[in-house]
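What follows is a single structure, written as structure tokens, with notes after it.
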Protein chains: 2
Amino acid sequence: MARKPDPQKRDRIIAAALTTFAQKGYAGTRIIEVARAAGIGKGTIYEYFRSKEELFFATLEYLLADAEQQMSTLAETLTGSVADRLMSLADHVIRDWIEKLELYGLVLEFWSATAALPGRRRFRDAFNDGYAAFRSSLAALIQEGATNGEFKADIDPEKIASALIGSWDALLFQAWLDPDFDPLGTSRDHMRVVVAGLRQPSNLED
Amino acid sequence: MARKPDPQKRDRIIAAALTTFAQKGYAGTRIIEVARAAGIGKGTIYEYFRSKEELFFATLEYLLADAEQQMSTLAETLTGSVADRLMSLADHVIRDWIEKLELYGLVLEFWSATAALPGRRRFRDAFNDGYAAFRSSLAALIQEGATNGEFKADIDPEKIASALIGSWDALLFQAWLDPDFDPLGTSRDHMRVVVAGLRQPSNLED
DNA sequence: GATTATTGACCGACCGGTCGGTATTAATTA
DNA sequence: TAATTAATACCGACCGGTCGGTCAATAATC
């Protein structure tokens, strides 16, 4: 009777938006460019997304979901002491993002969307939720260390988790700014110090 | 013979730009809005700045210079052990920025300018220079601790400094995202752990 | 042939930057 | 001191280009 919509088209548009927004930023991206990158006409985008901002938000959701997916997969594979898992987690997070550093510009764009775009609240909330999920799984790991005696008992796992995630974010930002910067080495040095600081004074052997 | 230019006008424009860009972002700010906020006509802005981007860059320069100024003033007032000064420095940095959190949206805007604006390189370089200055003075402090035996000798002060500054940045970002977040408390917990991790194993008393 | 997904020419709101005219001040003159 | 003049700071109406979003026509599928 009728022509059927392509069920993959929405994803194709998001994939195209991902690279275009990353390269040119939100304001610098024209809808026609996304359409061309997706190999479709401009009008078709508006069959799948109400507006440019809607598409941008869908792109953020995609990226957050992807990151969360990657994180939970990773969490299952880690073994060893809490300290080992912590170091290894940091390594993986940094390495995963270094691989896709060209997408980092997009993260910056999203950050600034939390400040400037008319629909900033949605962006802010989405980010908050994403960070909160990541933070709580990291905090759970640190808590495990506090519980099993590997770490001091008088630490606040949530707070440490916040600061750690923050430092990873910022290391990646610096890598984005300065190609000579070594985020992995810096992260390792930092994590070594943090883990040493977390350990029980009576338990300082490496 | 001729009318003299008002030497304060440039600064007045920058001050107006500071708040307007912070509230609405770069793309969302119209030049006429800045002009109105400064109480002058639109054309006058172009007597002092070549273009909108030029004005934006001047605003970044102002903010960076201000931060550097504040930092060097602060550095002089700190006394006590290296560990004490480190903790105190973190406290001050966080508190200073919490006070002007409404300007934090501007920082996000600048970050994304390093990715998306046509003249991104200038923005990137300006940021790099600003961070580098801050980082090297922080690294010098940590180095002092390593030299005087307060801290371990086998640490890389530059790397630790990078990670610390990064975590402060990120804590402020989180405070910006989430009004319930406690950046000062989080920073203190984190700094306590880091300082403990930096100390000589033979020197663990608080 | 009926239905609907797709398209891109078109519209119009928007905004950065320009420029000719005006207002104001400082030097000059009487 | 007051009048005149020269220089230029200041202004905002206007222009031209841009781009998000629409919709009538077309193409593809049943």
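In the structure tokens, chains take the letters A, B, ... in the order shown, each chain's residues start at 1, and ligands count up from 1 in the order shown.
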Where does DSSP see helix (DSSP H, G or I) in chain B, if you list the residues as a ChimeraX atom specification? /B:9-28,31-38,42-48,52-77,82-99,101-116,120-147,157-177,183-198
Determine, using only C-alpha atoms (C1' of nucleotides), which residues of chain A have any atom at most 12 Å from an atom of chain C, and tabulate each with its shortest atom pair and distance in Å to one decimal place, rows ordered by chain and then rising number, as a Markdown table.
| residue | atom | partner | partner_atom | distance |
| --- | --- | --- | --- | --- |
| A:Met1 | CA | C:DT3 | C1' | 6.0 |
| A:Ala2 | CA | C:DT3 | C1' | 4.8 |
| A:Arg3 | CA | C:DT4 | C1' | 5.8 |
| A:Lys4 | CA | C:DA5 | C1' | 7.2 |
| A:Pro5 | CA | C:DA5 | C1' | 6.5 |
| A:Asp6 | CA | C:DA5 | C1' | 9.1 |
| A:Lys9 | CA | C:DA5 | C1' | 11.7 |
| A:Ile32 | CA | C:DG8 | C1' | 10.3 |
| A:Ala35 | CA | C:DT7 | C1' | 11.3 |
| A:Gly39 | CA | C:DT6 | C1' | 12.0 |
| A:Ile40 | CA | C:DT6 | C1' | 8.5 |
| A:Gly41 | CA | C:DT7 | C1' | 5.7 |
| A:Lys42 | CA | C:DG8 | C1' | 7.4 |
| A:Gly43 | CA | C:DT7 | C1' | 6.4 |
| A:Thr44 | CA | C:DT6 | C1' | 6.3 |
| A:Ile45 | CA | C:DT6 | C1' | 10.1 |
| A:Tyr46 | CA | C:DT6 | C1' | 10.9 |
| A:Glu47 | CA | C:DA5 | C1' | 9.1 |
| A:Tyr48 | CA | C:DA5 | C1' | 11.5 |
Contacts between chain B and chain A, please, where a residue of chain A counts if it comes within 6 Å (with only C-alpha atoms); show its shortest atom pair and distance in Å to one decimal, rows by chain and ascending number, as CSV.
residue,atom,partner,partner_atom,distance
A:Lys24,CA,B:Ala116,CA,5.1
A:Gly25,CA,B:Ala116,CA,4.8
A:Gly105,CA,B:Ala115,CA,5.3
A:Leu108,CA,B:Ser112,CA,5.0
A:Glu109,CA,B:Ser112,CA,5.3
A:Ser112,CA,B:Leu108,CA,4.9
A:Ala115,CA,B:Gly105,CA,5.2
A:Ala116,CA,B:Gly25,CA,4.7
A:Lys159,CA,B:Thr186,CA,5.0
A:Ile160,CA,B:His190,CA,5.7
A:Ala163,CA,B:Ser167,CA,5.6
A:Gly166,CA,B:Ala170,CA,4.5
A:Ser167,CA,B:Ser167,CA,4.2
A:Ala170,CA,B:Gly166,CA,4.5
A:Thr186,CA,B:Lys159,CA,5.0
A:His190,CA,B:Ile160,CA,5.7
A:Val193,CA,B:Gly197,CA,4.6
A:Val194,CA,B:Val194,CA,5.2
A:Ala196,CA,B:Gly197,CA,4.6
A:Gly197,CA,B:Gly197,CA,3.6
A:Leu198,CA,B:Val193,CA,6.0
Print the selection's residues with N, CA and C atoms to a file, as a short mmCIF file (atom, residue, chain, number, x, y, z; two decimals), in the first residue's frame.
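File written: selection_16.cif
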data_model
loop_
_atom_site.label_atom_id
_atom_site.label_comp_id
_atom_site.auth_asym_id
_atom_site.auth_seq_id
_atom_site.Cartn_x
_atom_site.Cartn_y
_atom_site.Cartn_z
N LYS A 24 32.28 20.99 13.75
CA LYS A 24 31.96 22.40 13.56
C LYS A 24 31.21 23.04 14.71
N GLY A 25 30.85 22.26 15.71
CA GLY A 25 30.09 22.82 16.81
C GLY A 25 28.62 22.96 16.46
N GLY A 105 35.43 17.42 21.06
CA GLY A 105 34.87 18.73 20.78
C GLY A 105 33.36 18.75 20.99
N LEU A 108 32.58 19.23 24.64
CA LEU A 108 32.68 20.65 24.98
C LEU A 108 31.43 21.40 24.53
N GLU A 109 30.99 21.08 23.32
CA GLU A 109 29.76 21.70 22.81
C GLU A 109 28.58 21.42 23.74
N SER A 112 28.76 23.45 26.90
CA SER A 112 28.35 24.85 26.78
C SER A 112 26.86 24.94 26.50
N ALA A 115 24.84 25.68 29.40
CA ALA A 115 24.87 27.07 29.86
C ALA A 115 24.04 27.98 28.97
N ALA A 116 24.09 27.77 27.67
CA ALA A 116 23.65 28.82 26.77
C ALA A 116 22.40 28.51 25.96
N LYS A 159 32.39 11.51 47.29
CA LYS A 159 33.19 12.71 47.06
C LYS A 159 34.45 12.37 46.29
N ILE A 160 35.09 11.28 46.70
CA ILE A 160 36.31 10.89 45.98
C ILE A 160 35.98 10.53 44.53
N ALA A 163 35.61 13.67 42.45
CA ALA A 163 36.88 14.32 42.12
C ALA A 163 37.64 13.50 41.08
N GLY A 166 36.11 13.92 37.69
CA GLY A 166 36.46 15.26 37.27
C GLY A 166 37.87 15.33 36.74
N SER A 167 38.79 14.70 37.41
CA SER A 167 40.17 14.79 36.96
C SER A 167 40.34 14.08 35.62
N ALA A 170 39.06 16.34 32.94
CA ALA A 170 39.94 17.48 32.72
C ALA A 170 41.23 17.06 32.02
N THR A 186 49.83 10.90 32.98
CA THR A 186 49.41 11.80 34.05
C THR A 186 48.37 11.13 34.93
N HIS A 190 48.74 10.26 38.92
CA HIS A 190 47.73 10.78 39.82
C HIS A 190 47.04 9.66 40.58
N VAL A 193 49.07 8.23 43.38
CA VAL A 193 49.03 9.07 44.57
C VAL A 193 47.70 8.91 45.31
N VAL A 194 46.63 8.92 44.55
CA VAL A 194 45.31 8.83 45.19
C VAL A 194 45.14 7.49 45.90
N ALA A 196 47.45 5.56 47.02
CA ALA A 196 48.30 5.58 48.22
C ALA A 196 47.61 6.34 49.35
N GLY A 197 46.96 7.42 48.98
CA GLY A 197 46.28 8.22 49.99
C GLY A 197 45.05 7.53 50.56
N LEU A 198 44.47 6.66 49.77
CA LEU A 198 43.26 5.95 50.22
C LEU A 198 43.57 4.77 51.15
#
Do you know which residues are at most 9 Å from range 67-84 of chain A counting only C-alpha atoms (C1' of nucleotides), after dropping those on the same chain fewer than 3 positions away, and could you put them as number ranges by chain? A: 62-64, 87-89, 92-93, 96, 130, 133-134, 137, 141-142, 144-145, 150-151, 195, 199
Next, dump the selected residues to file, keeping only N, CA and C atoms, as a tab-separated table (two decimals), in the first residue's frame.
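So the final result, stored in part.tsv, reads:
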chain	number	residue	atom	x	y	z
A	62	TYR	N	22.53	9.77	22.73
A	62	TYR	CA	23.23	8.64	22.12
A	62	TYR	C	24.61	8.48	22.73
A	63	LEU	N	25.33	9.58	22.82
A	63	LEU	CA	26.70	9.54	23.34
A	63	LEU	C	26.73	9.08	24.79
A	64	LEU	N	25.79	9.58	25.58
A	64	LEU	CA	25.73	9.19	26.99
A	64	LEU	C	25.40	7.71	27.14
A	87	MET	N	42.81	1.41	39.42
A	87	MET	CA	43.85	1.84	38.48
A	87	MET	C	43.49	1.44	37.06
A	88	SER	N	43.00	0.22	36.95
A	88	SER	CA	42.68	-0.31	35.63
A	88	SER	C	41.50	0.43	35.00
A	89	LEU	N	40.54	0.75	35.84
A	89	LEU	CA	39.38	1.50	35.36
A	89	LEU	C	39.80	2.86	34.80
A	92	HIS	N	41.42	2.44	31.45
A	92	HIS	CA	40.49	2.15	30.37
A	92	HIS	C	39.70	3.38	29.96
A	93	VAL	N	39.22	4.11	30.95
A	93	VAL	CA	38.43	5.30	30.62
A	93	VAL	C	39.25	6.27	29.78
A	96	ASP	N	39.92	4.74	26.26
A	96	ASP	CA	38.72	4.74	25.41
A	96	ASP	C	38.48	6.10	24.79
A	130	GLY	N	23.82	11.26	33.71
A	130	GLY	CA	24.92	10.45	33.22
A	130	GLY	C	26.07	10.40	34.22
A	133	ALA	N	25.21	8.32	37.39
A	133	ALA	CA	25.30	6.87	37.22
A	133	ALA	C	26.76	6.42	37.30
A	134	PHE	N	27.59	7.10	36.58
A	134	PHE	CA	29.02	6.78	36.56
A	134	PHE	C	29.59	6.91	37.97
A	137	SER	N	28.62	4.13	40.45
A	137	SER	CA	29.28	2.83	40.31
A	137	SER	C	30.74	2.93	40.75
A	141	LEU	N	32.64	1.01	44.11
A	141	LEU	CA	33.94	0.33	44.09
A	141	LEU	C	34.82	0.82	45.24
A	142	ILE	N	34.86	2.14	45.41
A	142	ILE	CA	35.68	2.70	46.48
A	142	ILE	C	35.14	2.26	47.84
A	144	GLU	N	33.67	-0.47	48.49
A	144	GLU	CA	34.09	-1.86	48.67
A	144	GLU	C	35.48	-1.91	49.31
A	145	GLY	N	36.36	-1.02	48.82
A	145	GLY	CA	37.70	-0.98	49.39
A	145	GLY	C	37.69	-0.55	50.85
A	150	GLU	N	40.83	-2.55	52.75
A	150	GLU	CA	41.94	-2.17	51.87
A	150	GLU	C	42.19	-0.66	51.98
A	151	PHE	N	41.11	0.08	52.11
A	151	PHE	CA	41.21	1.54	52.23
A	151	PHE	C	40.84	1.98	53.64
A	195	VAL	N	45.53	6.43	45.22
A	195	VAL	CA	45.38	5.11	45.84
A	195	VAL	C	46.25	5.01	47.09
A	199	ARG	N	44.76	4.20	50.97
A	199	ARG	CA	45.09	2.98	51.72
A	199	ARG	C	45.14	3.19	53.22
When you get a sec, could you note down which chain D residues fall within 12 Å of chain B, using only C-alpha atoms (C1' of nucleotides), as a PyMOL selection string? chain D and resi 4-13
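Taking CA of Lys100 in chain B and CA of Ile14 in chain B as the two end points, the separation is 16.3 Å.
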Tell me, in Å to one decimal, how far C1' of DC30 in chain D is from CA of Arg12 in chain A. 24.9 Å
